[in-house]
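What follows is coords03.json (JSON, C-alpha atoms).
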```
[["chain", "number", "residue", "atom", "x", "y", "z"],
["Z", 13, "MET", "CA", 55.36, -135.43, 54.79],
["Z", 14, "ARG", "CA", 59.03, -134.97, 55.61],
["Z", 15, "ASN", "CA", 60.94, -131.81, 54.95],
["Z", 16, "ILE", "CA", 64.74, -131.92, 55.11],
["Z", 17, "ILE", "CA", 66.35, -128.59, 55.79],
["Z", 18, "VAL", "CA", 70.07, -128.25, 55.13],
["Z", 19, "LEU", "CA", 71.72, -125.44, 57.07],
["Z", 20, "GLN", "CA", 75.14, -124.15, 56.12],
["Z", 21, "LEU", "CA", 77.05, -121.08, 57.25],
["Z", 22, "ARG", "CA", 79.27, -119.10, 54.89],
["Z", 23, "THR", "CA", 82.46, -117.59, 56.13],
["Z", 24, "PRO", "CA", 84.25, -114.93, 54.09],
["Z", 25, "THR", "CA", 86.76, -117.44, 52.69],
["Z", 26, "ARG", "CA", 84.96, -120.82, 52.48],
["Z", 27, "LEU", "CA", 81.81, -122.78, 53.12],
["Z", 28, "ARG", "CA", 81.64, -123.96, 56.72],
["Z", 29, "CYS", "CA", 79.38, -126.76, 57.95],
["Z", 30, "LEU", "CA", 77.37, -126.96, 61.18],
["Z", 31, "HIS", "CA", 77.78, -130.71, 61.43],
["Z", 32, "PRO", "CA", 80.85, -132.91, 60.95],
["Z", 33, "GLN", "CA", 79.15, -134.54, 57.92],
["Z", 34, "CYS", "CA", 78.55, -131.03, 56.49],
["Z", 35, "TYR", "CA", 74.79, -130.95, 56.97],
["Z", 36, "ASN", "CA", 72.18, -130.78, 59.67],
["Z", 37, "SER", "CA", 68.82, -132.47, 59.05],
["Z", 38, "ILE", "CA", 65.68, -131.38, 60.80],
["Z", 39, "VAL", "CA", 62.68, -133.62, 60.17],
["Z", 40, "VAL", "CA", 59.37, -131.84, 60.45],
["Z", 41, "ASN", "CA", 56.20, -133.84, 61.05],
["Z", 42, "MET", "CA", 52.92, -132.06, 61.36],
["Z", 43, "ILE", "CA", 49.53, -133.33, 62.40],
["Z", 44, "PRO", "CA", 47.09, -131.78, 59.92],
["Z", 45, "HIS", "CA", 44.07, -129.78, 61.01],
["Z", 46, "LEU", "CA", 40.93, -131.77, 61.67],
["Z", 47, "THR", "CA", 38.22, -131.55, 59.00],
["Z", 48, "HIS", "CA", 34.45, -131.78, 59.15],
["Z", 49, "VAL", "CA", 33.00, -134.86, 57.45],
["Z", 50, "THR", "CA", 29.30, -135.03, 56.63],
["Z", 51, "GLY", "CA", 27.71, -137.65, 58.85],
["Z", 52, "SER", "CA", 30.43, -137.65, 61.50],
["Z", 53, "PRO", "CA", 29.58, -136.07, 64.87],
["Z", 54, "TRP", "CA", 33.00, -134.39, 65.23],
["Z", 55, "PRO", "CA", 35.95, -133.30, 63.07],
["Z", 56, "LEU", "CA", 38.42, -135.97, 61.91],
["Z", 57, "LEU", "CA", 41.94, -136.20, 60.53],
["Z", 58, "PRO", "CA", 41.99, -135.91, 56.74],
["Z", 59, "PRO", "CA", 42.51, -139.24, 54.94],
["Z", 60, "GLY", "CA", 45.96, -140.75, 55.08],
["Z", 61, "ILE", "CA", 48.54, -141.99, 57.52],
["Z", 62, "HIS", "CA", 50.12, -138.98, 59.22],
["Z", 63, "GLN", "CA", 53.53, -139.59, 60.83],
["Z", 64, "SER", "CA", 54.00, -137.82, 64.16],
["Z", 65, "SER", "CA", 56.01, -138.03, 67.33],
["Z", 66, "LEU", "CA", 54.43, -138.71, 70.70],
["Z", 67, "ASP", "CA", 55.21, -135.12, 71.67],
["Z", 68, "GLU", "CA", 53.26, -133.86, 68.66],
["Z", 69, "VAL", "CA", 50.37, -136.15, 69.62],
["Z", 70, "ALA", "CA", 50.44, -134.70, 73.14],
["Z", 71, "THR", "CA", 50.45, -131.13, 71.84],
["Z", 72, "ALA", "CA", 47.56, -131.76, 69.45],
["Z", 73, "PHE", "CA", 45.36, -134.08, 71.50],
["Z", 74, "ALA", "CA", 46.30, -134.12, 75.22],
["Z", 75, "THR", "CA", 44.46, -130.85, 75.68],
["Z", 76, "ASN", "CA", 42.61, -131.39, 78.97],
["Z", 77, "PRO", "CA", 43.16, -133.50, 82.12],
["Z", 78, "TRP", "CA", 41.20, -136.50, 80.80],
["Z", 79, "ARG", "CA", 42.96, -136.48, 77.42],
["Z", 80, "ARG", "CA", 46.34, -136.12, 79.21],
["Z", 81, "SER", "CA", 45.57, -139.24, 81.30],
["Z", 82, "LEU", "CA", 44.75, -141.16, 78.10],
["Z", 83, "PHE", "CA", 48.03, -139.92, 76.62],
["Z", 84, "GLU", "CA", 49.97, -141.21, 79.64],
["Z", 85, "GLY", "CA", 48.52, -144.66, 78.96],
["Z", 86, "LEU", "CA", 49.56, -144.43, 75.31],
["Z", 87, "LEU", "CA", 53.06, -143.37, 76.35],
["Z", 88, "ASP", "CA", 53.38, -146.27, 78.81],
["Z", 89, "ALA", "CA", 52.13, -148.79, 76.23],
["Z", 90, "SER", "CA", 54.44, -147.37, 73.54],
["Z", 91, "GLY", "CA", 57.45, -147.83, 75.81],
["Z", 92, "ARG", "CA", 56.48, -151.43, 76.54],
["Z", 93, "LEU", "CA", 56.00, -152.15, 72.85],
["Z", 94, "LEU", "CA", 59.37, -150.60, 72.00],
["Z", 95, "ARG", "CA", 61.10, -152.79, 74.59],
["Z", 96, "ALA", "CA", 59.62, -155.83, 72.80],
["Z", 97, "GLY", "CA", 61.01, -154.63, 69.46],
["Z", 98, "CYS", "CA", 57.94, -152.88, 68.03],
["Z", 99, "LEU", "CA", 58.93, -150.05, 65.73],
["Z", 100, "ARG", "CA", 55.58, -148.39, 64.98],
["Z", 101, "VAL", "CA", 52.19, -147.70, 66.56],
["Z", 102, "TYR", "CA", 49.13, -146.42, 64.70],
["Z", 103, "LEU", "CA", 46.76, -144.22, 66.70],
["Z", 104, "ASP", "CA", 43.05, -143.93, 65.95],
["Z", 105, "GLY", "CA", 39.70, -143.50, 67.57],
["Z", 106, "SER", "CA", 37.88, -140.52, 68.97],
["Z", 107, "TYR", "CA", 41.11, -139.55, 70.73],
["Z", 108, "VAL", "CA", 42.50, -138.24, 67.42],
["Z", 109, "SER", "CA", 39.27, -136.42, 66.58],
["Z", 110, "GLY", "CA", 37.49, -133.31, 67.78],
["Z", 111, "LYS", "CA", 35.46, -135.22, 70.39],
["Z", 112, "PRO", "CA", 35.86, -133.24, 73.64],
["Z", 113, "LYS", "CA", 35.96, -136.27, 75.97],
["Z", 114, "PRO", "CA", 36.84, -139.50, 74.14],
["Z", 115, "GLY", "CA", 36.14, -142.70, 76.07],
["Z", 116, "ASP", "CA", 39.55, -144.14, 75.25],
["Z", 117, "PHE", "CA", 41.97, -144.40, 72.34],
["Z", 118, "ASP", "CA", 42.36, -147.14, 69.77],
["Z", 119, "ALA", "CA", 45.74, -148.22, 68.51],
["Z", 120, "CYS", "CA", 47.41, -150.95, 66.56],
["Z", 121, "TRP", "CA", 51.05, -151.94, 66.59],
["Z", 122, "ASP", "CA", 53.28, -153.29, 63.84],
["Z", 123, "PRO", "CA", 54.26, -156.85, 64.81],
["Z", 124, "THR", "CA", 57.27, -156.91, 62.44],
["Z", 125, "GLY", "CA", 60.37, -157.68, 64.51],
["Z", 126, "VAL", "CA", 58.51, -157.99, 67.82],
["Z", 127, "ASP", "CA", 60.01, -160.54, 70.23],
["Z", 128, "LEU", "CA", 56.95, -162.28, 71.67],
["Z", 129, "SER", "CA", 58.96, -163.40, 74.70],
["Z", 130, "LYS", "CA", 59.44, -159.69, 75.58],
["Z", 131, "LEU", "CA", 55.91, -158.58, 74.68],
["Z", 132, "ASP", "CA", 53.69, -157.81, 77.66],
["Z", 133, "PRO", "CA", 50.90, -160.44, 77.44],
["Z", 134, "VAL", "CA", 48.26, -157.73, 77.89],
["Z", 135, "PHE", "CA", 48.79, -156.76, 74.22],
["Z", 136, "LEU", "CA", 47.41, -160.15, 73.18],
["Z", 137, "GLU", "CA", 44.50, -160.14, 75.65],
["Z", 138, "PHE", "CA", 41.25, -159.44, 73.79],
["Z", 139, "ARG", "CA", 38.64, -160.96, 76.16],
["Z", 140, "ASN", "CA", 35.90, -158.96, 77.83],
["Z", 141, "GLY", "CA", 36.09, -156.09, 75.36],
["Z", 142, "ARG", "CA", 39.85, -155.74, 75.95],
["Z", 143, "ALA", "CA", 39.21, -154.88, 79.60],
["Z", 144, "ALA", "CA", 42.79, -155.78, 80.63],
["Z", 145, "GLN", "CA", 44.24, -153.39, 78.04],
["Z", 146, "LYS", "CA", 41.86, -150.60, 79.04],
["Z", 147, "ALA", "CA", 42.74, -151.13, 82.71],
["Z", 148, "ALA", "CA", 46.47, -151.01, 81.95],
["Z", 149, "PHE", "CA", 46.54, -148.20, 79.38],
["Z", 150, "LYS", "CA", 43.06, -146.59, 79.09],
["Z", 151, "GLY", "CA", 43.02, -147.71, 75.46],
["Z", 152, "GLU", "CA", 42.96, -150.71, 73.17],
["Z", 153, "PHE", "CA", 45.73, -152.27, 71.06],
["Z", 154, "PHE", "CA", 45.61, -154.71, 68.16],
["Z", 155, "PRO", "CA", 48.38, -156.06, 65.94],
["Z", 156, "SER", "CA", 48.17, -153.90, 62.79],
["Z", 157, "SER", "CA", 48.15, -156.93, 60.49],
["Z", 158, "MET", "CA", 45.42, -158.73, 62.45],
["Z", 159, "ILE", "CA", 42.15, -159.10, 60.53],
["Z", 160, "CYS", "CA", 39.17, -157.33, 62.09],
["Z", 161, "ALA", "CA", 36.54, -160.09, 61.86],
["Z", 162, "ASP", "CA", 33.65, -157.60, 61.55],
["Z", 163, "VAL", "CA", 34.93, -156.12, 58.28],
["Z", 164, "GLY", "CA", 37.47, -158.60, 56.91],
["Z", 165, "ARG", "CA", 40.32, -156.06, 56.74],
["Z", 166, "THR", "CA", 43.45, -155.51, 58.80],
["Z", 167, "PHE", "CA", 43.15, -153.14, 61.74],
["Z", 168, "VAL", "CA", 45.42, -150.56, 60.11],
["Z", 169, "GLU", "CA", 43.00, -150.52, 57.14],
["Z", 170, "PHE", "CA", 39.87, -150.66, 59.31],
["Z", 171, "PHE", "CA", 41.04, -147.70, 61.38],
["Z", 172, "GLN", "CA", 41.07, -145.51, 58.26],
["Z", 173, "GLN", "CA", 37.29, -145.57, 57.82],
["Z", 174, "ASP", "CA", 34.94, -143.42, 59.89],
["Z", 175, "ARG", "CA", 32.33, -145.59, 61.59],
["Z", 176, "PHE", "CA", 29.61, -142.94, 61.36],
["Z", 177, "SER", "CA", 29.89, -141.69, 57.79],
["Z", 178, "GLY", "CA", 31.74, -144.60, 56.16],
["Z", 179, "GLU", "CA", 34.15, -142.03, 54.67],
["Z", 180, "GLN", "CA", 37.94, -142.39, 54.65],
["Z", 181, "LYS", "CA", 39.75, -140.64, 57.51],
["Z", 182, "GLY", "CA", 43.27, -140.30, 58.77],
["Z", 183, "ILE", "CA", 45.25, -142.04, 61.47],
["Z", 184, "ILE", "CA", 48.53, -141.20, 63.20],
["Z", 185, "SER", "CA", 51.69, -143.28, 62.67],
["Z", 186, "ILE", "CA", 54.22, -143.04, 65.49],
["Z", 187, "PRO", "CA", 57.73, -144.39, 64.82],
["Z", 188, "LEU", "CA", 58.88, -145.57, 68.26],
["Z", 189, "LEU", "CA", 62.60, -146.21, 67.82],
["Z", 190, "SER", "CA", 63.47, -142.55, 67.28],
["Z", 191, "ASP", "CA", 60.74, -140.93, 69.38],
["Z", 192, "PRO", "CA", 62.24, -138.26, 71.67],
["Z", 193, "LEU", "CA", 59.76, -138.87, 74.49],
["Z", 194, "LEU", "CA", 60.59, -142.57, 74.61],
["Z", 195, "LEU", "CA", 64.31, -141.95, 74.26],
["Z", 196, "GLY", "CA", 64.10, -139.42, 77.08],
["Z", 197, "ARG", "CA", 62.63, -142.09, 79.33],
["Z", 198, "GLY", "CA", 65.72, -144.24, 78.86],
["Z", 199, "GLN", "CA", 64.16, -146.67, 76.40],
["Z", 200, "PRO", "CA", 66.41, -148.67, 74.05]]
```
How does the structure come out when it is put into C-alpha cells?
Amino acid sequence: MRNIIVLQLRTPTRLRCLHPQCYNSIVVNMIPHLTHVTGSPWPLLPPGIHQSSLDEVATAFATNPWRRSLFEGLLDASGRLLRAGCLRVYLDGSYVSGKPKPGDFDACWDPTGVDLSKLDPVFLEFRNGRAAQKAAFKGEFFPSSMICADVGRTFVEFFQQDRFSGEQKGIISIPLLSDPLLLGRGQP
C-alpha cells in the first residue's frame, strides 16, 4: 500500500511550498507482521504481494549474522539484475518467515526489459539444485514468468502458496530501479 503525504508550509501572507513543484511526496512501504497459519511450522507473511525496499527487508529479516549474510547475497544479486535491466525481484522462502535460521532465500525476477547479453549467466543456471546460484548468492533465483514444472504455475504464483499448509501466503516485491540501497552503491 502506498501513502502519499503532501507537506506544505503556510506563511502569514501566502501558501509556500517545500518543493519547486509545490509538493513533497514520501512513499511509505511497510512489511506487514507475520501471521500464524495452521499447518505451517512458523509464521508467514499474510497473503498478497507486499512492496518493500531492500532496506526494509534488511530491517525486518536480516536480524542475526546468518540472516545478514543471506541478505548480502540478495543485495549482490539484486545489483547484478538491475545492471541487466531487471526492474523487480520477488522474495520468498523461509527467509521471509519466522524461521530462526532459514537455509537460504528463494527469489524470482521479472524478465521484462532484461538484456540477456548483460545478465549474469548464473541466473539461468538451474543444474544441481541451483548450486551455482547458491554458491554465488546463498539463494535461488528463477524468472518470475517461468513455469514451475511441479505445479504448472509461474514462480511468482507458486511462491504465494505455503508448502506445508497449502494456504495462500505473502511474498515481497522489491522495485530495483528506485531502491535506495542499490542507488547508494552507484548502480544505474
Can you work out which one of Z:Ser157, Z:Pro123, Z:Phe135, Z:Lys113 has the shortest atom-to-atom distance to Z:Ser81, counting only C-alpha atoms? Z:Lys113
Test item: residues at most 8 Å from Z:Met42, all atoms listed in the file, excluding those fewer than 3 positions along its chain, as a VMD selection string: chain Z and resid 13 62 to 64 68
Which neighbours of Z:His45 fall inside 7 Å, counting all atoms listed in the file, when residues of the same chain fewer than 2 positions from it are skipped, and could you give them as a compact mmCIF listing (two decimals) with C-alpha atoms, in the frame of the given file?
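Everything below was put into part.txt:
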```txt
# COMPACT_ATOMS: atom_id res chain seq x y z
CA ILE Z 43 49.53 -133.33 62.40
CA THR Z 47 38.22 -131.55 59.00
CA LEU Z 57 41.94 -136.20 60.53
```
Which residue, Z:Ala96, Z:Leu128, Z:Ile186, Z:Ala72, has the smallest gap to Z:Leu46 when you use all atoms listed in the file? Z:Ala72
Would you compute the distance between atom CA of Z:Ala119 and atom CA of Z:Pro58? Give it in Å to one decimal.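 Taking atom CA of Z:Ala119 as the start and atom CA of Z:Pro58 as the end point, the length is 17.4 Å.
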If you measure from atom CA of Z:Pro133 to atom CA of Z:Gly151, what distance in Å do you get, rounded to one decimal? 15.1 Å
Padding 8 Å on each side, edges along x, y and z: where is the centre of the box around the listed atoms of stretch 76-89 of chain Z, and how long are its edges in Å to one decimal? Output it as AutoDock Vina command-line options.
```
--center_x 47.3 --center_y -140.1 --center_z 78.7 --size_x 28.2 --size_y 33.4 --size_z 22.8
```
Between atom CA of Z:Glu152 and atom CA of Z:Arg139, what is the spacing in Å?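 Taking atom CA of Z:Arg139 as the start and atom CA of Z:Glu152 as the end point, the length is 11.5 Å.
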Which one is closest to Z:Pro112: Z:Gly141, Z:Pro53, Z:Gly85, Z:Gly97? Count all atoms listed in the file.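 Distance minimum relative to Z:Pro112 lands on Z:Pro53.
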For Z:Val168, the closest of Z:Gly196, Z:Pro55, Z:Gly91, Z:Gly105 counting only C-alpha atoms is Z:Gly105
My list of candidates is Z:Ala161, Z:Ala74, Z:Val134, Z:Leu188. Which is closest to Z:Tyr102 when distances are computed with only C-alpha atoms?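 Of all the options, Z:Leu188 lies closest to Z:Tyr102.
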Counting all atoms listed in the file, write as an MDAnalysis selection string all protein and nucleic acid residues lying at most 12 Å from (48.1, -156.3, 63.7) in the file's frame. chainID Z and resid 98 100:102 119:124 126 135:136 153:160 165:171
Here is a test: counting all atoms listed in the file, which residue of Z:Leu131, Z:Ala70, Z:Val163, Z:Leu195 is nearest to Z:Arg92?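 Selected residue with least distance to Z:Arg92: Z:Leu131.
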